[in-house]
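Participant: Okay, handing you the structure first.
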Amino acid sequence: ITLTLGQITTAPVELAVAQDNDALKKAVQTFADAYNALATLIAGQVKYDAGSKTAGPLQGDSSAVGIQRQLRAMMGTSSGASSVFSRLSDIGLEMQANGSVKVNAGKLDAALANLPEMKKFFANSDIAVAGNNGIARQLYTLTDAMLGADGTLTTRTDSLQQGIERNEADQERLEQRVEQVEKRLRAQYTALDTTLGRLSGISSYVSQQMAMLNNSNLYGNKN
């Protein structure tokens, strides 16, 4: 607590220090909203709409589905950090059937009445026993592993980027091959067209000669 003393008074000043439950509730709701936004994003990417027969961009992607399952499992996991609260549902963060989280105001108010245990439930650190770490620490460890240099999301992103680069290289090679084939076909067409022109000329010449020969024979027979 920081106090700023503005002036000297003659009468005693009473200072009441109370727990700011509104700020704590807002922090919990902000966490729930952030999780729900992430859950909605992932669900939209991996879903398959049977009605429209359209699939999300990551439908069937094992990494995306794995992240979704891990996050849901973490939201339902238990912690030995507190002797009072063991799951998020105990303090009012309840998982819904669609994978989202809903804040139960009554449970949250009851949990805020025991702030020391709630603090342990979220932030306790136990190097020896990972299960005794607070839920917030466990969630941080999970997401840090996903986003780290060798994390699931990072390696999958790198893999997809490499796939895009390979695809671009394949397209470039294919375009070069198509260009070469086009040049060859154009050259063949030009040569064939020239040959057909020559054959047409020869055909005309032969036709003329045949006509002359027939005329010659005709006149010879009359004589």
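Just remember, in the structure tokens the first chain shown is A, the second B, etc., residues are 1-based per chain, and ligands are 1-based in the order shown.
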Name the residues in contact with region 123-133 of chain A at a cut-off of 9 Å, using only C-alpha atoms, excluding same-chain residues fewer than 3 positions from it; report them as a list in words.

Facilitator: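 Those residues are Ser78, Ser79, Gly80, Ala81, Ser82, Met118, Lys119, Lys120, Ala136, Arg137 and Gln138 of chain A.
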
Participant: Could those selected residues go to a file with all heavy atoms, as a PDB file, in the first residue's frame?

Facilitator:
ATOM      1  N   SER A  78      -6.729 -30.898 -11.803  1.00  0.00           N
ATOM      2  CA  SER A  78      -6.748 -30.563 -10.378  1.00  0.00           C
ATOM      3  C   SER A  78      -5.351 -30.148  -9.925  1.00  0.00           C
ATOM      4  O   SER A  78      -4.355 -30.444 -10.577  1.00  0.00           O
ATOM      5  CB  SER A  78      -7.214 -31.759  -9.553  1.00  0.00           C
ATOM      6  OG  SER A  78      -6.336 -32.856  -9.728  1.00  0.00           O
ATOM      7  N   SER A  79      -5.300 -29.430  -8.821  1.00  0.00           N
ATOM      8  CA  SER A  79      -4.040 -28.978  -8.243  1.00  0.00           C
ATOM      9  C   SER A  79      -4.057 -29.217  -6.747  1.00  0.00           C
ATOM     10  O   SER A  79      -5.087 -29.063  -6.089  1.00  0.00           O
ATOM     11  CB  SER A  79      -3.842 -27.478  -8.532  1.00  0.00           C
ATOM     12  OG  SER A  79      -2.769 -26.966  -7.771  1.00  0.00           O
ATOM     13  N   GLY A  80      -2.895 -29.607  -6.227  1.00  0.00           N
ATOM     14  CA  GLY A  80      -2.776 -29.821  -4.785  1.00  0.00           C
ATOM     15  C   GLY A  80      -2.239 -28.597  -4.065  1.00  0.00           C
ATOM     16  O   GLY A  80      -1.832 -28.687  -2.904  1.00  0.00           O
ATOM     17  N   ALA A  81      -2.251 -27.452  -4.766  1.00  0.00           N
ATOM     18  CA  ALA A  81      -1.685 -26.238  -4.186  1.00  0.00           C
ATOM     19  C   ALA A  81      -2.484 -25.740  -2.996  1.00  0.00           C
ATOM     20  O   ALA A  81      -1.919 -25.207  -2.037  1.00  0.00           O
ATOM     21  CB  ALA A  81      -1.607 -25.146  -5.252  1.00  0.00           C
ATOM     22  N   SER A  82      -3.790 -25.900  -3.027  1.00  0.00           N
ATOM     23  CA  SER A  82      -4.660 -25.402  -1.953  1.00  0.00           C
ATOM     24  C   SER A  82      -5.374 -26.560  -1.274  1.00  0.00           C
ATOM     25  O   SER A  82      -5.706 -27.557  -1.924  1.00  0.00           O
ATOM     26  CB  SER A  82      -5.683 -24.426  -2.545  1.00  0.00           C
ATOM     27  OG  SER A  82      -6.712 -24.138  -1.614  1.00  0.00           O
ATOM     28  N   MET A 118      -7.166 -19.074  -2.308  1.00  0.00           N
ATOM     29  CA  MET A 118      -7.365 -18.835  -3.737  1.00  0.00           C
ATOM     30  C   MET A 118      -6.042 -18.432  -4.390  1.00  0.00           C
ATOM     31  O   MET A 118      -5.739 -18.839  -5.512  1.00  0.00           O
ATOM     32  CB  MET A 118      -8.416 -17.739  -3.941  1.00  0.00           C
ATOM     33  CG  MET A 118      -8.862 -17.578  -5.380  1.00  0.00           C
ATOM     34  SD  MET A 118     -10.256 -16.438  -5.527  1.00  0.00           S
ATOM     35  CE  MET A 118     -10.479 -16.413  -7.315  1.00  0.00           C
ATOM     36  N   LYS A 119      -5.250 -17.661  -3.661  1.00  0.00           N
ATOM     37  CA  LYS A 119      -3.936 -17.268  -4.172  1.00  0.00           C
ATOM     38  C   LYS A 119      -3.044 -18.500  -4.342  1.00  0.00           C
ATOM     39  O   LYS A 119      -2.346 -18.638  -5.352  1.00  0.00           O
ATOM     40  CB  LYS A 119      -3.281 -16.272  -3.221  1.00  0.00           C
ATOM     41  CG  LYS A 119      -1.915 -15.801  -3.679  1.00  0.00           C
ATOM     42  CD  LYS A 119      -1.325 -14.802  -2.697  1.00  0.00           C
ATOM     43  CE  LYS A 119       0.076 -14.363  -3.145  1.00  0.00           C
ATOM     44  NZ  LYS A 119       0.689 -13.401  -2.199  1.00  0.00           N
ATOM     45  N   LYS A 120      -3.077 -19.396  -3.359  1.00  0.00           N
ATOM     46  CA  LYS A 120      -2.299 -20.633  -3.476  1.00  0.00           C
ATOM     47  C   LYS A 120      -2.770 -21.442  -4.686  1.00  0.00           C
ATOM     48  O   LYS A 120      -1.960 -21.991  -5.437  1.00  0.00           O
ATOM     49  CB  LYS A 120      -2.458 -21.480  -2.211  1.00  0.00           C
ATOM     50  CG  LYS A 120      -1.794 -20.922  -0.970  1.00  0.00           C
ATOM     51  CD  LYS A 120      -2.057 -21.857   0.208  1.00  0.00           C
ATOM     52  CE  LYS A 120      -1.487 -21.307   1.513  1.00  0.00           C
ATOM     53  NZ  LYS A 120      -1.797 -22.204   2.646  1.00  0.00           N
ATOM     54  N   ALA A 136      -2.574 -21.480 -12.494  1.00  0.00           N
ATOM     55  CA  ALA A 136      -2.013 -20.469 -13.400  1.00  0.00           C
ATOM     56  C   ALA A 136      -0.594 -20.841 -13.806  1.00  0.00           C
ATOM     57  O   ALA A 136      -0.199 -20.663 -14.960  1.00  0.00           O
ATOM     58  CB  ALA A 136      -2.029 -19.100 -12.731  1.00  0.00           C
ATOM     59  N   ARG A 137       0.184 -21.365 -12.872  1.00  0.00           N
ATOM     60  CA  ARG A 137       1.561 -21.791 -13.192  1.00  0.00           C
ATOM     61  C   ARG A 137       1.543 -22.991 -14.123  1.00  0.00           C
ATOM     62  O   ARG A 137       2.347 -23.100 -15.047  1.00  0.00           O
ATOM     63  CB  ARG A 137       2.326 -22.103 -11.911  1.00  0.00           C
ATOM     64  CG  ARG A 137       2.693 -20.872 -11.095  1.00  0.00           C
ATOM     65  CD  ARG A 137       3.640 -21.230  -9.957  1.00  0.00           C
ATOM     66  NE  ARG A 137       4.032 -20.047  -9.203  1.00  0.00           N
ATOM     67  CZ  ARG A 137       5.022 -19.233  -9.549  1.00  0.00           C
ATOM     68  NH1 ARG A 137       5.728 -19.483 -10.647  1.00  0.00           N
ATOM     69  NH2 ARG A 137       5.312 -18.174  -8.823  1.00  0.00           N
ATOM     70  N   GLN A 138       0.638 -23.928 -13.872  1.00  0.00           N
ATOM     71  CA  GLN A 138       0.543 -25.105 -14.743  1.00  0.00           C
ATOM     72  C   GLN A 138       0.129 -24.697 -16.161  1.00  0.00           C
ATOM     73  O   GLN A 138       0.660 -25.211 -17.154  1.00  0.00           O
ATOM     74  CB  GLN A 138      -0.475 -26.096 -14.173  1.00  0.00           C
ATOM     75  CG  GLN A 138      -0.030 -26.758 -12.871  1.00  0.00           C
ATOM     76  CD  GLN A 138      -0.988 -27.852 -12.437  1.00  0.00           C
ATOM     77  OE1 GLN A 138      -1.518 -28.582 -13.271  1.00  0.00           O
ATOM     78  NE2 GLN A 138      -1.199 -27.972 -11.136  1.00  0.00           N
TER      79      GLN A 138
END

Participant: Taking 3 positions as the minimum chain separation for residues in the same chain, which residues sit within 12 Å of Gly99 (chain A) when counting only C-alpha atoms? Answer as number ranges by chain.

Facilitator: A: 32, 35-44, 68-76, 94-96, 102

Participant: Would you mind telling me which residue in A:Ser204, A:Pro57, A:Lys107, A:Tyr48 lies nearest to Lys25 (chain A) when using only C-alpha atoms?

Facilitator: A:Lys107

Participant: Give me the residues within 10 Å of region 144-157 of chain A as a PyMOL selection string, counting only C-alpha atoms and dropping any in the same chain fewer than 6 places off.

Facilitator: chain A and resi 61-64+66-67+138+163

Participant: Compare A:Leu174, A:Val206, A:Asn21, A:Thr10 by their minimum atom-to-atom distance to Ala113 (chain A), counting only C-alpha atoms, and give me the closest one.

Facilitator: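 For Ala113 (chain A), the nearest of the candidates is A:Asn21.
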
Participant: Have a look at CA of Leu88 (chain A) and CA of Gln19 (chain A) and let me know their distance in Å, one decimal.

Facilitator: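 Computing it gives 21.0 Å between the two atoms.
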
Participant: I'd like to know which residues of region 30-171 of chain A are strand (DSSP E or B) (by DSSP, run on the backbone); could you write them as a ChimeraX atom specification?

Facilitator: /A:48-49,54-55,93-95,101-103

Participant: Keeping only N, CA and C atoms, write the selected residues as a compact mmCIF listing (two decimals), in the first residue's frame.

Facilitator:
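part.txt written:
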# COMPACT_ATOMS: atom_id res chain seq x y z
N TYR A 48 -15.80 -29.32 -38.76
CA TYR A 48 -16.35 -29.71 -40.06
C TYR A 48 -17.85 -29.45 -40.01
N ASP A 49 -18.33 -28.63 -40.92
CA ASP A 49 -19.75 -28.30 -40.99
C ASP A 49 -20.43 -29.28 -41.94
N THR A 54 -18.36 -28.13 -45.48
CA THR A 54 -17.11 -27.37 -45.54
C THR A 54 -16.29 -27.64 -44.28
N ALA A 55 -14.99 -27.70 -44.46
CA ALA A 55 -14.08 -27.97 -43.34
C ALA A 55 -13.27 -26.73 -43.01
N LEU A 93 -15.14 -21.09 -12.12
CA LEU A 93 -14.86 -21.17 -13.56
C LEU A 93 -15.30 -22.56 -14.05
N GLU A 94 -16.48 -22.62 -14.61
CA GLU A 94 -17.08 -23.90 -14.96
C GLU A 94 -17.02 -24.16 -16.47
N MET A 95 -16.52 -25.34 -16.84
CA MET A 95 -16.45 -25.73 -18.25
C MET A 95 -17.85 -26.05 -18.76
N VAL A 101 -15.81 -21.50 -21.08
CA VAL A 101 -15.81 -21.38 -19.62
C VAL A 101 -16.82 -20.32 -19.22
N LYS A 102 -17.60 -20.61 -18.20
CA LYS A 102 -18.58 -19.66 -17.68
C LYS A 102 -18.26 -19.37 -16.22
N VAL A 103 -18.37 -18.09 -15.86
CA VAL A 103 -18.09 -17.69 -14.49
C VAL A 103 -19.36 -17.82 -13.65

Participant: Run DSSP on the backbone and give me the residues of region 5-143 of chain A it puts in helix (DSSP H, G or I), as number ranges by chain.

Facilitator: A: 21-46, 62-75, 88-91, 105-112, 115-123, 130-132, 135-143

Participant: Find the residue from A:Phe31, A:Thr195, A:Met212, A:Gly51 that sits nearest to Ser100 (chain A); use only C-alpha atoms when measuring.

Facilitator: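 With only C-alpha atoms as the atom set, the closest residue is A:Phe31.
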
Participant: So the first atom is CA of Glu117 (chain A) and the second is CA of Val28 (chain A); what is the distance between them in Å, to one decimal place?

Facilitator: 15.4 Å

Participant: Just give me the gap between CA of Thr77 (chain A) and CA of Ala97 (chain A) in Å, one decimal is fine.

Facilitator: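 Those two atoms sit 16.0 Å apart.
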